[in-house]
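Written below as structure tokens is the structure these notes are about.
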Protein chains: 2
Amino acid sequence: MEKRKVVLGIDVGGTNTVFGLVEKSGFLSYRGRIDTRGQAGAQQLFDRLFEIFNKDYQSLSGNFELCGVGIGAPNANYYKKTVENPPNLNWGFVKMDKMVEQFVDLPMAITNDANAAALGEMMYGAARGMKHFIQITLGTGLGSGIVVDGKLVYGFDGFAGELAHTIVFKNGRQCGCGSRGCLETYASATGIKRTAFELLALENAASELREFSFNKMTSRMIFEAALRNDPVAVEAFELTGKILGEALANSVAHLSPEAIILFGGLASAGELITRPTKKHMEKNLFHAFRNRVQILLSSLPEADAALLGGAALIWQELQ
Amino acid sequence: MEKRKVVLGIDVGGTNTVFGLVEKSGFLSYRGRIDTRGQAGAQQLFDRLFEIFNKDYQSLSGNFELCGVGIGAPNANYYKKTVENPPNLNWGFVKMDKMVEQFVDLPMAITNDANAAALGEMMYGAARGMKHFIQITLGTGLGSGIVVDGKLVYGFDGFAGELAHTIVFKNGRQCGCGSRGCLETYASATGIKRTAFELLALENAASELREFSFNKMTSRMIFEAALRNDPVAVEAFELTGKILGEALANSVAHLSPEAIILFGGLASAGELITRPTKKHMEKNLFHAFRNRVQILLSSLPEADAALLGGAALIWQELQ
């Protein structure tokens, strides 16, 4: 019987690491998941991951031919194949090609998780067939991947696509990066919570959100309150979309993409976030770009997107 | 004798159109110039241009082999090979490939003047050998060309690289495009004049610039006043660089270029514009990008840059 060609996709997350065997078509034929245990370091994670994977693969290997390893990880550098001081992991500086070659002698590629999600979207999701798009991941923070001519933009040093830290308000909200007014302090799960708190301070409207402390409130609660027409929650989505839309208008002026794909926790609010984003983006677009750029929701299952993206990355390299 | 391969580069400007024969090395072996006469239309311009060129080429053609035609023109679309409603020319919509094939049966390519300048810079100027850079033309308005992986970014529809119309101040200065607060209303020859007028209104400092009407003042006067340490003129350059630098920090976050090349009338002010631009860009950069991105002045002669760029475009296509 002919063996099916697969790659091993790995998505290193702050809490969990998922991995799986992915065919070129995007078909996921095997999936595993382990705790990342960020404090224990990269070597420990990959020891555990490959112990499980190798055991499972033994029972499958009659049917599959493993062709490569593709990884999405925070603060990964595509050119250098490194992970450098990821924010939630006690990893320091890791040479990921050396890490992987301890376990398998196969081509490997790595990029950051937001870039991996963009590649996954291009090969298997809402951006299939597109050559120019921007993927925005609205999670705890904001991630972004830029695709030009069908290829991820890495830039001179591998760090392109950091839309999170474009400054949208001079002297605005304090950002973890040390600056103020970065886009991700407004357009992210944390950002919408900060916006809700501003509105609770600014307005007198009754709101169910007045019951929650800053530490207790989540973007999910704001979403559910908005579905019940809570005025503060509805306004928080409107403002978040406004700021995101204005920022995206500037991104469009740089890149003239066919679409912007929204992905991640906050994107699951659907129309609540896409409608104001689209409206305010259009308002701020140079006329050459008006009514041309779609705002779409990701069509990948959130749990698998970066895993599929890691797989897409190595499939692209193998071509 | 072996013939030298050349292309015909054409730079359509609002006032003059320059053209010339360019070898692949960038060597310019022949140069012509005619009035554009923008009100008379495109056909009339190309009739006149090729009448002169054909006559001159007759006397040269024993030595040269013409391989293609490359054009830089306002509002040109690379994909469609069109010029569409250029602001200062009464051209309407012109199919430039049809226009050129009336005169020569050779490969042709066209892009907007700012993109052409970026290509010229990459093949023959300050960006030689670079694969990731942004070219900013600070003329009457602001033009920009973005190079990623050694190729111009055209985007989905050919209009990428419109940094002029990124909005840097909400409800800021009125722009010719119909919006407010566009970058080019601050960072351009016209922009610095508007800034000087704001400063003349805001401050009491004595300044030689108080002698000039809005219609009489030029960016050249501001430059010369700044060389004499006129406080308003010096501050106008500082503020222009600040706004440009802040905007470029956001561009860097998108693209992570190796350098930003400044070109055009205002760029001839040298350090007066590069120093504040660099300072304020650095202040606003995400840490991954700090002290990595050069601000350079164009090394092409201003009169020939877009002509060399048009030539570079068709040389690139011929490869």
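Following the order of the structure tokens, first chain is A, next is B, and so on, with residues numbered from 1 inside each chain and ligands from 1 in the order they appear.
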
Considering only C-alpha atoms, extract the chain A residues located within 6 Å of chain B and return them as a CSV table (one decimal) with all heavy atoms, in the first residue's frame.
chain,number,residue,atom,x,y,z
A,132,HIS,N,-2.7,38.1,-1.2
A,132,HIS,CA,-2.4,39.3,-0.4
A,132,HIS,C,-3.5,39.5,0.7
A,132,HIS,O,-4.6,39.8,0.4
A,132,HIS,CB,-2.5,40.6,-1.3
A,132,HIS,CG,-1.5,40.6,-2.4
A,132,HIS,ND1,-0.3,41.2,-2.2
A,132,HIS,CD2,-1.5,40.1,-3.7
A,132,HIS,CE1,0.4,41.0,-3.4
A,132,HIS,NE2,-0.3,40.4,-4.2
A,155,GLY,N,10.4,40.3,6.6
A,155,GLY,CA,11.2,41.5,6.7
A,155,GLY,C,12.7,41.1,6.8
A,155,GLY,O,13.1,40.0,6.7
A,156,PHE,N,13.5,42.2,7.1
A,156,PHE,CA,14.9,42.0,7.0
A,156,PHE,C,15.4,41.0,8.1
A,156,PHE,O,16.4,40.3,7.9
A,156,PHE,CB,15.5,43.4,7.3
A,156,PHE,CG,17.0,43.5,7.4
A,156,PHE,CD1,17.8,43.0,6.4
A,156,PHE,CD2,17.7,44.0,8.5
A,156,PHE,CE1,19.2,43.0,6.5
A,156,PHE,CE2,19.0,44.0,8.6
A,156,PHE,CZ,19.8,43.5,7.6
A,160,ALA,N,9.0,41.0,11.0
A,160,ALA,CA,7.9,41.8,10.4
A,160,ALA,C,6.5,41.3,10.9
A,160,ALA,O,6.4,40.2,11.4
A,160,ALA,CB,7.9,41.7,8.9
A,161,GLY,N,5.5,42.2,10.8
A,161,GLY,CA,4.2,41.8,11.2
A,161,GLY,C,3.9,42.0,12.7
A,161,GLY,O,3.2,41.2,13.3
A,162,GLU,N,4.4,43.0,13.2
A,162,GLU,CA,4.2,43.3,14.7
A,162,GLU,C,3.1,44.4,14.8
A,162,GLU,O,3.4,45.5,15.5
A,162,GLU,CB,5.5,43.7,15.4
A,162,GLU,CG,6.3,42.5,15.9
A,162,GLU,CD,5.6,41.7,17.0
A,162,GLU,OE1,4.6,42.2,17.6
A,162,GLU,OE2,6.1,40.6,17.3
A,163,LEU,N,2.0,44.3,14.2
A,163,LEU,CA,1.0,45.3,14.2
A,163,LEU,C,0.5,45.6,15.6
A,163,LEU,O,0.0,46.7,15.9
A,163,LEU,CB,-0.2,44.9,13.4
A,163,LEU,CG,-0.2,45.4,11.9
A,163,LEU,CD1,1.1,44.9,11.2
A,163,LEU,CD2,-1.4,45.0,11.2
A,166,THR,N,2.1,48.8,16.8
A,166,THR,CA,1.9,50.1,16.2
A,166,THR,C,1.2,51.0,17.2
A,166,THR,O,0.3,50.5,17.9
A,166,THR,CB,1.1,50.0,14.9
A,166,THR,OG1,-0.2,49.4,15.2
A,166,THR,CG2,1.8,49.2,13.8
A,250,ASN,N,-4.8,52.1,7.9
A,250,ASN,CA,-3.4,52.4,7.6
A,250,ASN,C,-2.6,51.2,7.1
A,250,ASN,O,-1.7,51.4,6.3
A,250,ASN,CB,-2.7,53.0,8.9
A,250,ASN,CG,-3.1,54.5,9.1
A,250,ASN,OD1,-3.8,55.1,8.3
A,250,ASN,ND2,-2.7,55.0,10.2
A,253,ALA,N,-3.3,50.9,3.5
A,253,ALA,CA,-2.6,51.9,2.7
A,253,ALA,C,-1.2,51.4,2.4
A,253,ALA,O,-0.6,51.7,1.4
A,253,ALA,CB,-2.6,53.2,3.3
A,254,HIS,N,-0.6,50.6,3.3
A,254,HIS,CA,0.7,50.0,3.1
A,254,HIS,C,0.6,48.9,2.1
A,254,HIS,O,1.5,48.8,1.2
A,254,HIS,CB,1.3,49.4,4.4
A,254,HIS,CG,1.9,50.4,5.3
A,254,HIS,ND1,1.1,51.2,6.1
A,254,HIS,CD2,3.1,50.8,5.6
A,254,HIS,CE1,1.9,52.0,6.9
A,254,HIS,NE2,3.1,51.8,6.6
A,255,LEU,N,-0.3,48.0,2.2
A,255,LEU,CA,-0.2,46.7,1.6
A,255,LEU,C,-1.3,46.4,0.6
A,255,LEU,O,-1.2,45.4,-0.2
A,255,LEU,CB,-0.2,45.6,2.7
A,255,LEU,CG,1.0,45.7,3.6
A,255,LEU,CD1,0.7,45.1,4.9
A,255,LEU,CD2,2.2,45.1,3.0
A,256,SER,N,-2.4,47.1,0.6
A,256,SER,CA,-3.5,46.9,-0.4
A,256,SER,C,-3.9,45.4,-0.4
A,256,SER,O,-3.8,44.7,-1.5
A,256,SER,CB,-3.1,47.4,-1.8
A,256,SER,OG,-4.3,47.3,-2.6
A,257,PRO,N,-4.3,44.8,0.7
A,257,PRO,CA,-4.6,43.4,0.7
A,257,PRO,C,-6.0,43.2,0.1
A,257,PRO,O,-6.8,44.1,0.0
A,257,PRO,CB,-4.6,43.0,2.2
A,257,PRO,CG,-5.0,44.3,2.9
A,257,PRO,CD,-4.5,45.4,2.0
A,258,GLU,N,-6.3,41.9,-0.2
A,258,GLU,CA,-7.6,41.5,-0.7
A,258,GLU,C,-8.6,41.4,0.5
A,258,GLU,O,-9.7,41.7,0.4
A,258,GLU,CB,-7.5,40.1,-1.4
A,258,GLU,CG,-8.8,39.6,-1.9
A,258,GLU,CD,-8.5,38.4,-2.8
A,258,GLU,OE1,-7.3,38.0,-3.0
A,258,GLU,OE2,-9.5,37.8,-3.3

Could you pull the residues within 10 Å of Leu209 (chain B), counting only C-alpha atoms, minus those fewer than 5 positions along the same chain, as number ranges by chain? B: 193, 196-197, 200, 214, 217-218, 221-222, 225, 230-233

Any idea what's packed within 8 Å of Ala305 (chain B), counting only C-alpha atoms, ignoring anything in its chain fewer than 5 positions away? Could you give it as a ChimeraX atom specification? /B:116-117,120-121,300

Applying 9 Å and only C-alpha atoms, which residues near Leu266 (chain A) remain after dropping the ones on its own chain fewer than 3 positions away? List them as a ChimeraX atom specification. /A:137-140,187-189,192,219-220,223,262-263,269-270,273

Include N, CA, C and O atoms and write out the residues we just selected as an mmCIF file, in the first residue's frame.
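For reference, part.cif as written:
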data_model
loop_
_atom_site.group_PDB
_atom_site.id
_atom_site.type_symbol
_atom_site.label_atom_id
_atom_site.label_comp_id
_atom_site.auth_asym_id
_atom_site.auth_seq_id
_atom_site.Cartn_x
_atom_site.Cartn_y
_atom_site.Cartn_z
ATOM 1 N N THR A 137 -4.864 38.062 14.838
ATOM 2 C CA THR A 137 -5.308 37.192 15.918
ATOM 3 C C THR A 137 -5.639 38.052 17.127
ATOM 4 O O THR A 137 -4.771 38.732 17.669
ATOM 5 N N LEU A 138 -6.927 38.057 17.495
ATOM 6 C CA LEU A 138 -7.364 38.847 18.644
ATOM 7 C C LEU A 138 -7.497 37.917 19.839
ATOM 8 O O LEU A 138 -8.572 37.394 20.128
ATOM 9 N N GLY A 139 -6.384 37.639 20.488
ATOM 10 C CA GLY A 139 -6.396 36.792 21.677
ATOM 11 C C GLY A 139 -6.162 37.658 22.903
ATOM 12 O O GLY A 139 -6.590 38.810 22.937
ATOM 13 N N THR A 140 -5.467 37.107 23.885
ATOM 14 C CA THR A 140 -5.093 37.900 25.063
ATOM 15 C C THR A 140 -4.396 39.169 24.602
ATOM 16 O O THR A 140 -4.670 40.264 25.064
ATOM 17 N N ALA A 187 -7.202 46.615 21.007
ATOM 18 C CA ALA A 187 -7.838 45.592 20.175
ATOM 19 C C ALA A 187 -7.298 44.216 20.555
ATOM 20 O O ALA A 187 -6.350 43.711 19.955
ATOM 21 N N SER A 188 -7.904 43.628 21.564
ATOM 22 C CA SER A 188 -7.541 42.305 22.077
ATOM 23 C C SER A 188 -8.539 42.012 23.191
ATOM 24 O O SER A 188 -9.330 42.882 23.572
ATOM 25 N N ALA A 189 -8.486 40.790 23.706
ATOM 26 C CA ALA A 189 -9.385 40.445 24.826
ATOM 27 C C ALA A 189 -9.107 41.353 26.028
ATOM 28 O O ALA A 189 -10.026 41.826 26.699
ATOM 29 N N ILE A 192 -10.376 45.072 25.180
ATOM 30 C CA ILE A 192 -11.809 45.378 25.280
ATOM 31 C C ILE A 192 -12.228 45.469 26.750
ATOM 32 O O ILE A 192 -13.112 46.241 27.108
ATOM 33 N N SER A 219 -13.353 38.947 28.447
ATOM 34 C CA SER A 219 -13.968 39.409 27.203
ATOM 35 C C SER A 219 -15.205 38.578 26.873
ATOM 36 O O SER A 219 -16.141 39.063 26.245
ATOM 37 N N ARG A 220 -15.215 37.334 27.323
ATOM 38 C CA ARG A 220 -16.389 36.452 27.143
ATOM 39 C C ARG A 220 -17.617 37.061 27.834
ATOM 40 O O ARG A 220 -18.712 37.058 27.291
ATOM 41 N N PHE A 223 -18.864 39.925 25.810
ATOM 42 C CA PHE A 223 -19.560 39.374 24.647
ATOM 43 C C PHE A 223 -20.979 38.948 25.034
ATOM 44 O O PHE A 223 -21.963 39.326 24.368
ATOM 45 N N LEU A 262 -9.939 37.958 10.646
ATOM 46 C CA LEU A 262 -9.894 38.045 12.107
ATOM 47 C C LEU A 262 -10.013 36.647 12.704
ATOM 48 O O LEU A 262 -10.844 35.846 12.302
ATOM 49 N N PHE A 263 -9.198 36.409 13.703
ATOM 50 C CA PHE A 263 -9.065 35.076 14.283
ATOM 51 C C PHE A 263 -8.883 35.246 15.793
ATOM 52 O O PHE A 263 -8.465 36.294 16.257
ATOM 53 N N ALA A 269 -16.741 36.668 18.561
ATOM 54 C CA ALA A 269 -17.912 37.535 18.731
ATOM 55 C C ALA A 269 -18.565 37.878 17.382
ATOM 56 O O ALA A 269 -19.632 38.499 17.345
ATOM 57 N N GLY A 270 -17.928 37.478 16.290
ATOM 58 C CA GLY A 270 -18.546 37.613 14.958
ATOM 59 C C GLY A 270 -18.880 39.049 14.601
ATOM 60 O O GLY A 270 -18.043 39.948 14.728
ATOM 61 N N ILE A 273 -17.895 42.337 16.316
ATOM 62 C CA ILE A 273 -16.579 42.952 16.107
ATOM 63 C C ILE A 273 -16.322 43.279 14.630
ATOM 64 O O ILE A 273 -15.724 44.319 14.317
#

What's around Asn75 (chain A) at 12 Å? Count only C-alpha atoms, leave out sequence neighbours fewer than 5 positions away in its own chain, and write the answer as an MDAnalysis selection string. (chainID A and resid 12:14 80:89 91:94 96 110:116 143 158:162) or (chainID B and resid 288)

Put those residues in a file: N, CA and C atoms, as a compact mmCIF listing (two decimals), in the first residue's frame.
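Generated output (out25.txt):
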# COMPACT_ATOMS: atom_id res chain seq x y z
N VAL A 12 3.21 25.53 19.92
CA VAL A 12 3.63 25.73 21.31
C VAL A 12 2.84 26.90 21.89
N GLY A 13 1.96 26.62 22.82
CA GLY A 13 1.17 27.67 23.46
C GLY A 13 1.66 27.93 24.87
N GLY A 14 1.16 29.00 25.47
CA GLY A 14 1.55 29.33 26.83
C GLY A 14 1.14 28.26 27.83
N LYS A 80 16.37 32.55 11.67
CA LYS A 80 17.39 31.98 12.55
C LYS A 80 16.96 30.64 13.15
N LYS A 81 15.69 30.28 12.94
CA LYS A 81 15.13 29.05 13.53
C LYS A 81 15.32 29.02 15.05
N THR A 82 15.05 30.17 15.65
CA THR A 82 15.21 30.29 17.09
C THR A 82 13.88 30.65 17.75
N VAL A 83 13.82 30.45 19.06
CA VAL A 83 12.80 31.10 19.89
C VAL A 83 13.59 31.96 20.87
N GLU A 84 13.20 33.25 20.96
CA GLU A 84 14.01 34.19 21.75
C GLU A 84 13.15 34.83 22.83
N ASN A 85 13.39 34.43 24.07
CA ASN A 85 12.74 35.03 25.24
C ASN A 85 11.23 35.18 25.08
N PRO A 86 10.52 34.08 24.87
CA PRO A 86 9.06 34.19 24.75
C PRO A 86 8.45 34.68 26.06
N PRO A 87 7.43 35.54 25.98
CA PRO A 87 6.94 36.24 27.17
C PRO A 87 6.45 35.32 28.30
N ASN A 88 5.76 34.21 27.98
CA ASN A 88 5.19 33.40 29.07
C ASN A 88 5.93 32.10 29.32
N LEU A 89 7.08 31.92 28.71
CA LEU A 89 7.82 30.67 28.86
C LEU A 89 9.22 30.98 29.36
N TRP A 91 12.16 30.07 28.68
CA TRP A 91 12.98 29.35 27.71
C TRP A 91 14.30 30.06 27.41
N GLY A 92 14.35 31.35 27.57
CA GLY A 92 15.53 32.09 27.10
C GLY A 92 15.66 31.97 25.59
N PHE A 93 16.89 31.66 25.13
CA PHE A 93 17.19 31.61 23.70
C PHE A 93 17.38 30.14 23.31
N VAL A 94 16.57 29.63 22.39
CA VAL A 94 16.64 28.22 22.01
C VAL A 94 16.85 28.08 20.50
N MET A 96 16.01 26.06 17.69
CA MET A 96 14.98 25.03 17.55
C MET A 96 15.35 23.96 16.53
N ILE A 110 10.20 26.97 11.37
CA ILE A 110 9.50 27.53 12.54
C ILE A 110 9.15 28.98 12.25
N THR A 111 8.03 29.44 12.76
CA THR A 111 7.70 30.86 12.72
C THR A 111 6.84 31.17 13.94
N ASN A 112 6.56 32.46 14.14
CA ASN A 112 5.77 32.75 15.34
C ASN A 112 4.32 32.33 15.14
N ASP A 113 3.60 32.21 16.24
CA ASP A 113 2.27 31.62 16.20
C ASP A 113 1.30 32.40 15.31
N ALA A 114 1.42 33.73 15.29
CA ALA A 114 0.51 34.53 14.47
C ALA A 114 0.81 34.33 12.98
N ASN A 115 2.08 34.24 12.62
CA ASN A 115 2.43 33.95 11.24
C ASN A 115 1.95 32.55 10.84
N ALA A 116 2.10 31.60 11.76
CA ALA A 116 1.66 30.24 11.47
C ALA A 116 0.15 30.23 11.22
N GLY A 143 -1.99 39.37 17.60
CA GLY A 143 -0.95 38.84 16.72
C GLY A 143 -1.28 39.17 15.29
N GLY A 158 13.26 38.98 10.19
CA GLY A 158 12.33 37.94 10.64
C GLY A 158 11.25 38.42 11.59
N PHE A 159 11.22 39.72 11.91
CA PHE A 159 10.26 40.22 12.91
C PHE A 159 9.12 41.05 12.31
N ALA A 160 8.95 41.03 11.00
CA ALA A 160 7.86 41.82 10.40
C ALA A 160 6.51 41.34 10.92
N GLY A 161 5.50 42.21 10.76
CA GLY A 161 4.15 41.82 11.17
C GLY A 161 3.89 41.99 12.65
N GLU A 162 4.42 43.03 13.24
CA GLU A 162 4.16 43.31 14.67
C GLU A 162 3.14 44.44 14.80
N ALA B 288 12.09 45.14 19.42
CA ALA B 288 12.74 44.24 18.46
C ALA B 288 13.35 45.00 17.28

Backbone-only DSSP, strand (DSSP E or B) members of region 96-289 of chain B, as JSON, numbers by chain: {"B": [108, 109, 110, 111, 133, 134, 135, 136, 137, 138, 142, 143, 144, 145, 146, 147, 148, 151, 152, 167, 174, 180, 182, 259, 260, 261, 262, 263]}

Would you please extract all helix (DSSP H, G or I) residues from region 66-267 of chain B, as assigned by DSSP on the backbone, and give them as number ranges by chain? B: 96-101, 113-124, 163-165, 183-185, 189-202, 208-211, 219-227, 231-255, 265-267

Would you list the contacts of Phe53 (chain B) as a list in words, taking every protein, DNA or RNA residue within 12 Å and counting only C-alpha atoms, but skipping same-chain residues closer than 5 positions in sequence? Leu8, Gly9, Ile10, Val18, Phe19, Gly20, Leu21, Tyr30, Arg31, Gly32, Arg33, Ile34, Phe46, Asp47, Arg48, Gln58, Ser59, Leu60, Ser61, Leu66, Phe103 and Val104 of chain B

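In this comparison, which uses only C-alpha atoms, the residue of B:Ile314, B:Leu296, B:Leu244, B:Ala306 approaching Tyr186 (chain B) most closely is B:Leu244.
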